[in-house]
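**Q** One structure, pasted below without further comment.
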Amino acid sequence: MGQQTSGRRGLSETGAALILISPFLAVYGLFLVYPFFKGVWISLHDWNLLEVAFNPDAKEYVGLRNYERVMWGKGITWGAFAAPVLQILGLIGIGAALWLGRTARVSRATAIALGIAALLLFVLPGFHPGEGGRWYDRRFWPTVGNTLVFVALAVPGVTISALLLAAALNRETRAMSVLRTLFFLSQVLSVTVVTLIWQIMFSPRQGLIANITELFGGSPIVWLTDERFAMAAIVITTVWWSLGIAMILFLAGLQDISKDLYEAAALDNATGMKAFWHITLPNLKRTITLVIVLQIILHFQVFGQSHLMTQGGPNDTTQVLVRYIYQTAFRDSELGRASAMAVFLFVIMGGFSILQFVLGREKD
Amino acid sequence: MKKFLMTAAMATCLMSPAMATDISLARFFGACEDAGTDTKASVGEACIIQSIINAASEQIDGVTVETLPTDWGNYYDQLKAAFAGGTPPDVFVMHRHRVPEFAGLGALGEISGDLEGVGIDSGDWSENALAAVSYEDGVYGVPMDFHANLWHVNMELMEKAGLVEDGKPMLPSSPEEMLEHAQKVKDATGQNYLAADFAQFPIGVRLVLAMMWQQNANIFDADGNATVDSEAARNAITAITQLFDAELADPQLNYADSQQSFLNGEAAILVNGTWVVDFYTAEAAKEEVALDTYYAADFPTLFETGATWADSHMWAVPSTLEGEKKEAALKVLAFINDHNIDWARTGHMAVRTSVLESDDYAALPHRSEYAGTAEIARDTPPSERYGAIQDVLNRELQAIWLTGKSVDDALADAQIEVQDQLDR
């Protein structure tokens with residue numbers, strides 16, 4: 001039938017498809033694919049933002065030197081227990097992956113993905129400057145570490161609180177729909193507004209939190225400039241801000257679960273927490289995976305919270321990768337170096353996208 | 001309908017001056033919504049500068065000025081991005097410390113030959129002011145002020161602690177004396193001696209720098225060698241940390257909080273710039289503000305030589321600007337230059353000799369109290385990596401007073417990082 005239609009209209013199905021997706025392809029190519037490759041190309045150059053703007057020939061091809069200058073150092077050695085905690089975790093992960101794969105508790109692809117992640121966790125933290133050595137860029141890896149800490153706190157924070165909220169609000173009453181809207185509202189605010197609100201909340205002088213602590217006789221915490229609390233402060237802000245989308249995804253997932261399941265469970269005396277644990281959670285598995293991976297990719301790109309609330313401080317404890325890229329590119333005008341870091345960030349996020357792809361294909 | 005549109009179009013043509021040149025102007029200092037055009041009445045940096053700009057737009061024939069967003073934190077990043085994108089603003093404010101970077105790349109217009117034509121007499125600029133806008137053999141801007149760190153004093157707290165003599169605050173002449181004074185204030189009033197932003201904005205860095213300069217030391221020399229890890233730096237840092245250790249100052253306050261603590265009467269001294277003198281004067285006059293008797297003192301000499309951190313604001317045009325636009329932009333610069341006395345109302349020091357010597361200038365509030373500041377104004381040697389170097393120092397100093405890093409480790413790290421910046 002496709003053949004017939006195309007004969008009459010002079011347009012094959014592929015041709016029609018191409019025409020229909022061409023606007024998308026053009027925009028996608030121009031604004032995503034081209035800039036991406038240009039970024040990779042810039043990362044291979046010594047490229048001063050301002051100098052090149054005035055003289056296009058002021059850039060110099062340096063191969064992979066930017067990557068070396070950012071990620072490597074002088075006299076770097078590898079030790080199996082240079083960072084014991086992470087590396088032992090990695091070893092445990094490798095063991096778990098082997099065991100899970102052997103006993104076929106998870107699919108082959110999942111076991112391999114877990115295995116690779118664990119192997120990286122074992123290998124990468126092992127690198128460290130040896131005697132008399134140093135990292136060329138002493139801030140890069142700590143910054144990556146901060147970003148990982150942020151992701152490791154924000155993602156479970158958002159996922160768990162959104163899941164609990166969604167479960168609590170999944171009822172068809174007017175009050176619940178009002179509450180759902182309220183909880184979603186924070187999501188529509190821009191990062192400047194969100195950080196402004198929370199800077200006031202966290203202020204040790206006029207902040208709500210300080211007032212409450214004082215009410216109970218405590219002395220207020222100086223959230224944003226205390227190294228123990230600064231990261232927590234931007235995580236709390238982030239959880240509050242990005243709760244909405246996760247909650248909506250969970251609500252959609254919850255509404256897909258058949259009521260019959262709960263009725264059957266109720267007959268077996270499983271209600272409340274029991275039903276949540278045995279019916280809701282298993283049925284939400286895919287949504288949870290989706291939410292987690294989306295959040296991971298999103299939060300690796302954290303910038304505004306750190307830039308506006310703590311300026312990466314105190315002492316770089318909340319300095320995150322995108323802020324470092326931004327400073328390198330715009331404050332220091334070192335576009336080549338910044339692009340190399342951006343490519344690194346891309347590789348991390350690409351890795352998580354592949355992970356999602358693998359997990360998403362898995363059968364229940 | 002057609003007729004109506006035609007009439008409307010004609011009316012629009014008639015209403016806007018036919019030859020108006022639009023000048024885009026970039027600045028920091030923050031936003032002021034209702035600045036008006038009265039340059040004599042506005043208070044605070046943001047409103048004073050905006051009233052001057054509004055007046056320029058209104059009073060210069062055939063020139064309208066559009067002010068771009070006025071955010072502080074990302075100003076230079078935005079400016080660079082605008083240059084990189086080929087659309088720099090026609091007129092923009094910058095600091096003296098940025099001249100090597102921008103002029104070195106050919107971003108700034110050389111205007112020494114154009115000044116006279118628009119009525120700017122560069123001979124009226126003080127010697128330092130001319131130096132501030134000069135790079136190699138050219139003039140790359142119109143200076144607007146000198147600004148420096150002052151000691152803003154709450155006289156009431158000082159009085160209670162017995163630290164006032166002849167109506168002037170008694171300021172320390174050594175770190176040891178500073179500790180004594182601080183203890184006196186604490187004992188007499190229960191309040192902190194000194195507040196400043198040690199936690200975010202680099203006021204703490206400027207304090208340490210000043211005390212290093214007072215010992216004739218610096219963080220790097222003109223040949224590009226880092227000299228941070230020194231005895232002078234240790235002395236300067238210890239002078240401050242002794243106050244934290246004795247709980248006579250709080251390192252965790254950021255800019256807004258430290259300022260608030262001073263206005264609330266919770267600190268006898270606030271270290272901050274000249275840019276807040278008129279603002280604190282206005283606040284002190286208010287009934288509901290705890291600070292009542294305000295004094296703006298020169299940064300005291302705690303070591304051998306007088307020194308305080310200082311910088312300069314100036315206005316520049318991009319090198320790509322030509323023809324009518326350039327002429328219009330220069331007229332705006334001339335207008336700002338003419339209103340140097342209005343800008344000095346913020347508390348900044350003027351750059352024109354005729355203004356400096358005028359009665360109006362001498363009559364500005366608290367002006368005589370910090371008359372010595374111009375003499376002791378200092379800054380680091382010029383560097384294209386000024387911003388990054390300040391950031392290194394800010395991080396390592398914060399590490400000392402906020403996270404308990406040892407002074408030796410912090411200075412050793414700062415030494416390596418500053419050298420890295422200088423070598424790049």
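Lettering and numbering for the structure tokens are positional, with chains as A, B, ... in the shown order, residues counted from 1 in each chain, and ligands counted from 1 in the shown order.
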Determine which residues of stretch 29-108 of chain B receive a DSSP assignment of helix (DSSP H, G or I), computed from the backbone, and state them as a PDB file with N, CA and C atoms, in the first residue's frame.
**A**
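What landed in part13.pdb:
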ATOM      1  N   GLU B  45      25.668  53.761  45.305  1.00  0.00           N
ATOM      2  CA  GLU B  45      26.327  53.599  44.009  1.00  0.00           C
ATOM      3  C   GLU B  45      25.352  53.399  42.857  1.00  0.00           C
ATOM      4  N   ALA B  46      24.439  52.431  43.027  1.00  0.00           N
ATOM      5  CA  ALA B  46      23.565  52.056  41.915  1.00  0.00           C
ATOM      6  C   ALA B  46      22.734  53.249  41.452  1.00  0.00           C
ATOM      7  N   CYS B  47      22.134  53.944  42.393  1.00  0.00           N
ATOM      8  CA  CYS B  47      21.226  55.027  42.015  1.00  0.00           C
ATOM      9  C   CYS B  47      21.982  56.262  41.534  1.00  0.00           C
ATOM     10  N   ILE B  48      23.138  56.547  42.124  1.00  0.00           N
ATOM     11  CA  ILE B  48      23.895  57.714  41.673  1.00  0.00           C
ATOM     12  C   ILE B  48      24.347  57.507  40.227  1.00  0.00           C
ATOM     13  N   ILE B  49      24.920  56.357  39.932  1.00  0.00           N
ATOM     14  CA  ILE B  49      25.418  56.158  38.566  1.00  0.00           C
ATOM     15  C   ILE B  49      24.247  56.128  37.580  1.00  0.00           C
ATOM     16  N   GLN B  50      23.131  55.503  37.999  1.00  0.00           N
ATOM     17  CA  GLN B  50      22.009  55.430  37.067  1.00  0.00           C
ATOM     18  C   GLN B  50      21.419  56.814  36.823  1.00  0.00           C
ATOM     19  N   SER B  51      21.400  57.662  37.845  1.00  0.00           N
ATOM     20  CA  SER B  51      20.866  59.012  37.626  1.00  0.00           C
ATOM     21  C   SER B  51      21.780  59.786  36.678  1.00  0.00           C
ATOM     22  N   ILE B  52      23.086  59.560  36.761  1.00  0.00           N
ATOM     23  CA  ILE B  52      24.004  60.230  35.830  1.00  0.00           C
ATOM     24  C   ILE B  52      23.758  59.724  34.404  1.00  0.00           C
ATOM     25  N   ILE B  53      23.575  58.414  34.283  1.00  0.00           N
ATOM     26  CA  ILE B  53      23.337  57.848  32.949  1.00  0.00           C
ATOM     27  C   ILE B  53      22.012  58.359  32.382  1.00  0.00           C
ATOM     28  N   ASN B  54      20.974  58.353  33.224  1.00  0.00           N
ATOM     29  CA  ASN B  54      19.675  58.861  32.759  1.00  0.00           C
ATOM     30  C   ASN B  54      19.787  60.312  32.309  1.00  0.00           C
ATOM     31  N   ALA B  55      20.519  61.092  33.096  1.00  0.00           N
ATOM     32  CA  ALA B  55      20.677  62.505  32.742  1.00  0.00           C
ATOM     33  C   ALA B  55      21.438  62.637  31.428  1.00  0.00           C
ATOM     34  N   ALA B  56      22.443  61.797  31.227  1.00  0.00           N
ATOM     35  CA  ALA B  56      23.202  61.836  29.976  1.00  0.00           C
ATOM     36  C   ALA B  56      22.284  61.551  28.804  1.00  0.00           C
ATOM     37  N   SER B  57      21.451  60.534  28.962  1.00  0.00           N
ATOM     38  CA  SER B  57      20.544  60.151  27.890  1.00  0.00           C
ATOM     39  C   SER B  57      19.580  61.291  27.576  1.00  0.00           C
ATOM     40  N   GLU B  58      19.187  62.018  28.616  1.00  0.00           N
ATOM     41  CA  GLU B  58      18.207  63.090  28.433  1.00  0.00           C
ATOM     42  C   GLU B  58      18.856  64.359  27.883  1.00  0.00           C
ATOM     43  N   GLN B  59      20.049  64.659  28.392  1.00  0.00           N
ATOM     44  CA  GLN B  59      20.615  65.974  28.096  1.00  0.00           C
ATOM     45  C   GLN B  59      21.537  66.029  26.878  1.00  0.00           C
ATOM     46  N   TYR B  75      29.767  40.017  35.804  1.00  0.00           N
ATOM     47  CA  TYR B  75      29.940  41.133  34.880  1.00  0.00           C
ATOM     48  C   TYR B  75      31.018  40.872  33.838  1.00  0.00           C
ATOM     49  N   TYR B  76      32.215  40.519  34.296  1.00  0.00           N
ATOM     50  CA  TYR B  76      33.316  40.370  33.334  1.00  0.00           C
ATOM     51  C   TYR B  76      33.117  39.162  32.425  1.00  0.00           C
ATOM     52  N   ASP B  77      32.451  38.128  32.956  1.00  0.00           N
ATOM     53  CA  ASP B  77      32.156  36.974  32.118  1.00  0.00           C
ATOM     54  C   ASP B  77      31.229  37.384  30.984  1.00  0.00           C
ATOM     55  N   GLN B  78      30.217  38.178  31.329  1.00  0.00           N
ATOM     56  CA  GLN B  78      29.276  38.650  30.309  1.00  0.00           C
ATOM     57  C   GLN B  78      29.979  39.536  29.296  1.00  0.00           C
ATOM     58  N   LEU B  79      30.850  40.398  29.817  1.00  0.00           N
ATOM     59  CA  LEU B  79      31.544  41.325  28.931  1.00  0.00           C
ATOM     60  C   LEU B  79      32.413  40.554  27.940  1.00  0.00           C
ATOM     61  N   LYS B  80      33.124  39.554  28.449  1.00  0.00           N
ATOM     62  CA  LYS B  80      33.964  38.753  27.562  1.00  0.00           C
ATOM     63  C   LYS B  80      33.123  38.016  26.539  1.00  0.00           C
ATOM     64  N   ALA B  81      32.012  37.453  27.011  1.00  0.00           N
ATOM     65  CA  ALA B  81      31.149  36.723  26.091  1.00  0.00           C
ATOM     66  C   ALA B  81      30.645  37.670  25.007  1.00  0.00           C
ATOM     67  N   ALA B  82      30.317  38.914  25.394  1.00  0.00           N
ATOM     68  CA  ALA B  82      29.834  39.891  24.405  1.00  0.00           C
ATOM     69  C   ALA B  82      30.935  40.216  23.395  1.00  0.00           C
ATOM     70  N   PHE B  83      32.152  40.361  23.864  1.00  0.00           N
ATOM     71  CA  PHE B  83      33.275  40.612  22.951  1.00  0.00           C
ATOM     72  C   PHE B  83      33.483  39.411  22.033  1.00  0.00           C
ATOM     73  N   ALA B  84      33.449  38.210  22.634  1.00  0.00           N
ATOM     74  CA  ALA B  84      33.685  37.009  21.839  1.00  0.00           C
ATOM     75  C   ALA B  84      32.603  36.846  20.779  1.00  0.00           C
ATOM     76  N   ARG B  96      40.437  49.099  37.040  1.00  0.00           N
ATOM     77  CA  ARG B  96      41.814  49.288  36.622  1.00  0.00           C
ATOM     78  C   ARG B  96      42.543  47.949  36.478  1.00  0.00           C
ATOM     79  N   HIS B  97      42.269  47.028  37.405  1.00  0.00           N
ATOM     80  CA  HIS B  97      43.037  45.774  37.394  1.00  0.00           C
ATOM     81  C   HIS B  97      42.751  44.933  36.156  1.00  0.00           C
ATOM     82  N   ARG B  98      41.696  45.243  35.420  1.00  0.00           N
ATOM     83  CA  ARG B  98      41.372  44.465  34.216  1.00  0.00           C
ATOM     84  C   ARG B  98      42.008  45.032  32.956  1.00  0.00           C
ATOM     85  N   VAL B  99      42.610  46.221  33.067  1.00  0.00           N
ATOM     86  CA  VAL B  99      43.164  46.863  31.867  1.00  0.00           C
ATOM     87  C   VAL B  99      44.223  46.000  31.169  1.00  0.00           C
ATOM     88  N   PRO B 100      45.185  45.416  31.909  1.00  0.00           N
ATOM     89  CA  PRO B 100      46.192  44.612  31.209  1.00  0.00           C
ATOM     90  C   PRO B 100      45.559  43.516  30.354  1.00  0.00           C
ATOM     91  N   GLU B 101      44.543  42.858  30.912  1.00  0.00           N
ATOM     92  CA  GLU B 101      43.913  41.761  30.194  1.00  0.00           C
ATOM     93  C   GLU B 101      43.189  42.251  28.938  1.00  0.00           C
ATOM     94  N   PHE B 102      42.338  43.257  29.096  1.00  0.00           N
ATOM     95  CA  PHE B 102      41.513  43.696  27.972  1.00  0.00           C
ATOM     96  C   PHE B 102      42.302  44.516  26.961  1.00  0.00           C
ATOM     97  N   ALA B 103      43.108  45.460  27.448  1.00  0.00           N
ATOM     98  CA  ALA B 103      43.877  46.281  26.517  1.00  0.00           C
ATOM     99  C   ALA B 103      44.954  45.439  25.835  1.00  0.00           C
ATOM    100  N   GLY B 104      45.513  44.474  26.584  1.00  0.00           N
ATOM    101  CA  GLY B 104      46.544  43.617  26.023  1.00  0.00           C
ATOM    102  C   GLY B 104      46.057  42.836  24.816  1.00  0.00           C
TER     103      GLY B 104
END
**Q** Using only C-alpha atoms and a cut-off of 9 Å, which residues of chain A sit close to chain B? Please list them as a PyMOL selection string.
**A** chain A and resi 49-54+136-138+203-205+222+224-228+308+310-311+313-316+326-327+329-333
**Q** Restricting it to C-alpha atoms, dump the selection as a PDB file, in the first residue's frame.
**A**
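For reference, part.pdb as written:
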ATOM      1  CA  LEU A  49      38.296  33.299  24.276  1.00  0.00           C
ATOM      2  CA  LEU A  50      39.060  36.990  23.813  1.00  0.00           C
ATOM      3  CA  GLU A  51      42.199  36.662  21.746  1.00  0.00           C
ATOM      4  CA  VAL A  52      40.512  34.467  19.157  1.00  0.00           C
ATOM      5  CA  ALA A  53      37.568  36.859  19.028  1.00  0.00           C
ATOM      6  CA  PHE A  54      39.919  39.594  17.827  1.00  0.00           C
ATOM      7  CA  TYR A 136      48.795  19.626  36.888  1.00  0.00           C
ATOM      8  CA  ASP A 137      45.375  20.970  37.819  1.00  0.00           C
ATOM      9  CA  ARG A 138      44.922  20.482  41.534  1.00  0.00           C
ATOM     10  CA  SER A 203      20.438  33.208  56.407  1.00  0.00           C
ATOM     11  CA  PRO A 204      21.670  33.023  59.999  1.00  0.00           C
ATOM     12  CA  ARG A 205      20.261  36.509  60.682  1.00  0.00           C
ATOM     13  CA  VAL A 222      25.635  29.481  59.203  1.00  0.00           C
ATOM     14  CA  LEU A 224      26.254  28.626  53.359  1.00  0.00           C
ATOM     15  CA  THR A 225      29.695  29.357  54.758  1.00  0.00           C
ATOM     16  CA  ASP A 226      30.181  26.358  57.029  1.00  0.00           C
ATOM     17  CA  GLU A 227      32.000  23.539  55.280  1.00  0.00           C
ATOM     18  CA  ARG A 228      29.909  20.905  57.036  1.00  0.00           C
ATOM     19  CA  LEU A 308      24.666  31.719  43.295  1.00  0.00           C
ATOM     20  CA  THR A 310      27.983  29.537  47.889  1.00  0.00           C
ATOM     21  CA  GLN A 311      30.208  30.675  45.009  1.00  0.00           C
ATOM     22  CA  GLY A 313      32.915  27.904  48.758  1.00  0.00           C
ATOM     23  CA  PRO A 314      33.837  27.628  51.501  1.00  0.00           C
ATOM     24  CA  ASN A 315      37.252  26.506  50.357  1.00  0.00           C
ATOM     25  CA  ASP A 316      35.900  24.889  47.195  1.00  0.00           C
ATOM     26  CA  TYR A 326      32.340  28.206  33.300  1.00  0.00           C
ATOM     27  CA  GLN A 327      35.112  29.897  35.263  1.00  0.00           C
ATOM     28  CA  ALA A 329      36.077  29.485  29.900  1.00  0.00           C
ATOM     29  CA  PHE A 330      34.841  32.923  30.865  1.00  0.00           C
ATOM     30  CA  ARG A 331      36.808  34.195  33.817  1.00  0.00           C
ATOM     31  CA  ASP A 332      40.127  32.746  32.700  1.00  0.00           C
ATOM     32  CA  SER A 333      39.331  32.840  28.942  1.00  0.00           C
TER      33      SER A 333
END
**Q** Give me the residues near B:Ala334 as a list in words, where near means some atom within 8 Å (using only C-alpha atoms) and where sequence neighbours in that chain fewer than 4 positions away do not count.
**A**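 Near neighbours after the sequence-gap exclusion: Val118, Gly119, Ile120, Leu330 and Asp338 of chain B.
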**Q** Taking all heavy atoms for each residue, export the selection above as a PDB file, in the first residue's frame.
**A**
ATOM      1  N   VAL B 118      35.771  66.084  22.760  1.00  0.00           N
ATOM      2  CA  VAL B 118      34.481  66.012  23.447  1.00  0.00           C
ATOM      3  C   VAL B 118      34.526  66.760  24.784  1.00  0.00           C
ATOM      4  O   VAL B 118      33.600  66.654  25.582  1.00  0.00           O
ATOM      5  CB  VAL B 118      34.027  64.554  23.674  1.00  0.00           C
ATOM      6  CG1 VAL B 118      33.631  63.922  22.362  1.00  0.00           C
ATOM      7  CG2 VAL B 118      35.119  63.745  24.357  1.00  0.00           C
ATOM      8  N   GLY B 119      35.592  67.496  25.005  1.00  0.00           N
ATOM      9  CA  GLY B 119      35.641  68.344  26.196  1.00  0.00           C
ATOM     10  C   GLY B 119      36.115  67.652  27.449  1.00  0.00           C
ATOM     11  O   GLY B 119      35.744  68.034  28.557  1.00  0.00           O
ATOM     12  N   ILE B 120      36.926  66.599  27.296  1.00  0.00           N
ATOM     13  CA  ILE B 120      37.522  65.984  28.484  1.00  0.00           C
ATOM     14  C   ILE B 120      38.955  66.489  28.602  1.00  0.00           C
ATOM     15  O   ILE B 120      39.750  66.310  27.690  1.00  0.00           O
ATOM     16  CB  ILE B 120      37.524  64.443  28.381  1.00  0.00           C
ATOM     17  CG1 ILE B 120      36.103  63.908  28.229  1.00  0.00           C
ATOM     18  CG2 ILE B 120      38.190  63.832  29.620  1.00  0.00           C
ATOM     19  CD1 ILE B 120      36.024  62.404  28.031  1.00  0.00           C
ATOM     20  N   LEU B 330      31.759  58.724  23.256  1.00  0.00           N
ATOM     21  CA  LEU B 330      32.702  59.619  23.928  1.00  0.00           C
ATOM     22  C   LEU B 330      31.984  60.762  24.629  1.00  0.00           C
ATOM     23  O   LEU B 330      32.402  61.223  25.701  1.00  0.00           O
ATOM     24  CB  LEU B 330      33.726  60.154  22.930  1.00  0.00           C
ATOM     25  CG  LEU B 330      34.771  59.116  22.495  1.00  0.00           C
ATOM     26  CD1 LEU B 330      35.504  59.557  21.244  1.00  0.00           C
ATOM     27  CD2 LEU B 330      35.750  58.841  23.627  1.00  0.00           C
ATOM     28  N   ASP B 338      32.197  64.850  33.667  1.00  0.00           N
ATOM     29  CA  ASP B 338      31.707  66.124  34.201  1.00  0.00           C
ATOM     30  C   ASP B 338      31.021  65.954  35.551  1.00  0.00           C
ATOM     31  O   ASP B 338      30.907  66.906  36.318  1.00  0.00           O
ATOM     32  CB  ASP B 338      30.698  66.766  33.231  1.00  0.00           C
ATOM     33  CG  ASP B 338      31.394  67.308  31.989  1.00  0.00           C
ATOM     34  OD1 ASP B 338      32.632  67.484  32.048  1.00  0.00           O
ATOM     35  OD2 ASP B 338      30.720  67.527  30.968  1.00  0.00           O
TER      36      ASP B 338
END
**Q** Taking the DSSP secondary structure from the backbone, can you list the residues of stretch 119-159 of chain B that are strand (DSSP E or B), as a list in words?
**A**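 Here is the list: Trp125, Ser134, Tyr135, Gly138, Val139, Val142, Pro143, Met144, Asp145, Phe146, His147, Ala148, Asn149, Leu150, Trp151, His152, Val153 and Asn154 of chain B.
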**Q** Find the residues near stretch 340-349 of chain A: any atom within 7 Å, counting only C-alpha atoms, skip ones fewer than 3 places away on the same chain, and give them as number ranges by chain.
**A** A: 40, 43, 66-67, 297, 325, 336-337, 352-353
**Q** Name the residues in contact with A:Arg361 at a cut-off of 10 Å, using only C-alpha atoms, excluding same-chain residues fewer than 3 positions from it; report them as a ChimeraX atom specification.
**A** /A:109-110,286,356-358,364
**Q** I need the residues from that last selection saved to file as a PDB file, in the first residue's frame (with all heavy atoms), if you can.
**A**
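Contents of the output file selection18.pdb:
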ATOM      1  N   ALA A 109      23.351  -8.046  30.548  1.00  0.00           N
ATOM      2  CA  ALA A 109      23.722  -6.644  30.275  1.00  0.00           C
ATOM      3  C   ALA A 109      23.864  -5.861  31.581  1.00  0.00           C
ATOM      4  O   ALA A 109      24.830  -5.120  31.774  1.00  0.00           O
ATOM      5  CB  ALA A 109      22.677  -6.002  29.386  1.00  0.00           C
ATOM      6  N   THR A 110      22.926  -6.051  32.488  1.00  0.00           N
ATOM      7  CA  THR A 110      22.978  -5.339  33.761  1.00  0.00           C
ATOM      8  C   THR A 110      24.221  -5.734  34.540  1.00  0.00           C
ATOM      9  O   THR A 110      24.917  -4.883  35.113  1.00  0.00           O
ATOM     10  CB  THR A 110      21.731  -5.652  34.601  1.00  0.00           C
ATOM     11  OG1 THR A 110      20.593  -5.484  33.774  1.00  0.00           O
ATOM     12  CG2 THR A 110      21.637  -4.755  35.808  1.00  0.00           C
ATOM     13  N   ARG A 286      10.355   0.323  36.847  1.00  0.00           N
ATOM     14  CA  ARG A 286      10.843   1.000  35.644  1.00  0.00           C
ATOM     15  C   ARG A 286      10.806   2.513  35.799  1.00  0.00           C
ATOM     16  O   ARG A 286      11.719   3.214  35.376  1.00  0.00           O
ATOM     17  CB  ARG A 286       9.971   0.618  34.450  1.00  0.00           C
ATOM     18  CG  ARG A 286      10.427  -0.656  33.879  1.00  0.00           C
ATOM     19  CD  ARG A 286       9.421  -1.206  32.918  1.00  0.00           C
ATOM     20  NE  ARG A 286      10.047  -2.333  32.248  1.00  0.00           N
ATOM     21  CZ  ARG A 286      10.497  -2.286  31.016  1.00  0.00           C
ATOM     22  NH1 ARG A 286      10.389  -1.194  30.307  1.00  0.00           N
ATOM     23  NH2 ARG A 286      11.056  -3.354  30.484  1.00  0.00           N
ATOM     24  N   GLN A 356      21.113   3.710  31.256  1.00  0.00           N
ATOM     25  CA  GLN A 356      19.650   3.746  31.236  1.00  0.00           C
ATOM     26  C   GLN A 356      19.116   2.919  30.086  1.00  0.00           C
ATOM     27  O   GLN A 356      18.142   2.186  30.201  1.00  0.00           O
ATOM     28  CB  GLN A 356      19.142   5.180  31.106  1.00  0.00           C
ATOM     29  CG  GLN A 356      17.658   5.280  31.374  1.00  0.00           C
ATOM     30  CD  GLN A 356      16.942   6.194  30.414  1.00  0.00           C
ATOM     31  OE1 GLN A 356      17.560   6.930  29.660  1.00  0.00           O
ATOM     32  NE2 GLN A 356      15.646   6.147  30.430  1.00  0.00           N
ATOM     33  N   PHE A 357      19.793   3.009  28.945  1.00  0.00           N
ATOM     34  CA  PHE A 357      19.381   2.278  27.767  1.00  0.00           C
ATOM     35  C   PHE A 357      19.407   0.778  28.065  1.00  0.00           C
ATOM     36  O   PHE A 357      18.454   0.055  27.781  1.00  0.00           O
ATOM     37  CB  PHE A 357      20.336   2.625  26.615  1.00  0.00           C
ATOM     38  CG  PHE A 357      19.923   2.071  25.300  1.00  0.00           C
ATOM     39  CD1 PHE A 357      18.789   2.557  24.662  1.00  0.00           C
ATOM     40  CD2 PHE A 357      20.668   1.077  24.701  1.00  0.00           C
ATOM     41  CE1 PHE A 357      18.414   2.043  23.442  1.00  0.00           C
ATOM     42  CE2 PHE A 357      20.289   0.561  23.476  1.00  0.00           C
ATOM     43  CZ  PHE A 357      19.164   1.037  22.846  1.00  0.00           C
ATOM     44  N   VAL A 358      20.485   0.345  28.693  1.00  0.00           N
ATOM     45  CA  VAL A 358      20.629  -1.074  29.013  1.00  0.00           C
ATOM     46  C   VAL A 358      19.556  -1.506  30.005  1.00  0.00           C
ATOM     47  O   VAL A 358      18.858  -2.494  29.795  1.00  0.00           O
ATOM     48  CB  VAL A 358      22.036  -1.335  29.599  1.00  0.00           C
ATOM     49  CG1 VAL A 358      22.131  -2.742  30.161  1.00  0.00           C
ATOM     50  CG2 VAL A 358      23.088  -1.127  28.527  1.00  0.00           C
ATOM     51  N   ASP A 364      11.022  -7.454  32.784  1.00  0.00           N
ATOM     52  CA  ASP A 364      10.729  -7.619  34.208  1.00  0.00           C
ATOM     53  C   ASP A 364      10.851  -9.077  34.616  1.00  0.00           C
ATOM     54  O   ASP A 364      10.434  -9.958  33.926  1.00  0.00           O
ATOM     55  CB  ASP A 364       9.300  -7.135  34.495  1.00  0.00           C
ATOM     56  CG  ASP A 364       9.252  -5.635  34.441  1.00  0.00           C
ATOM     57  OD1 ASP A 364      10.216  -5.006  34.886  1.00  0.00           O
ATOM     58  OD2 ASP A 364       8.249  -5.104  33.932  1.00  0.00           O
TER      59      ASP A 364
END
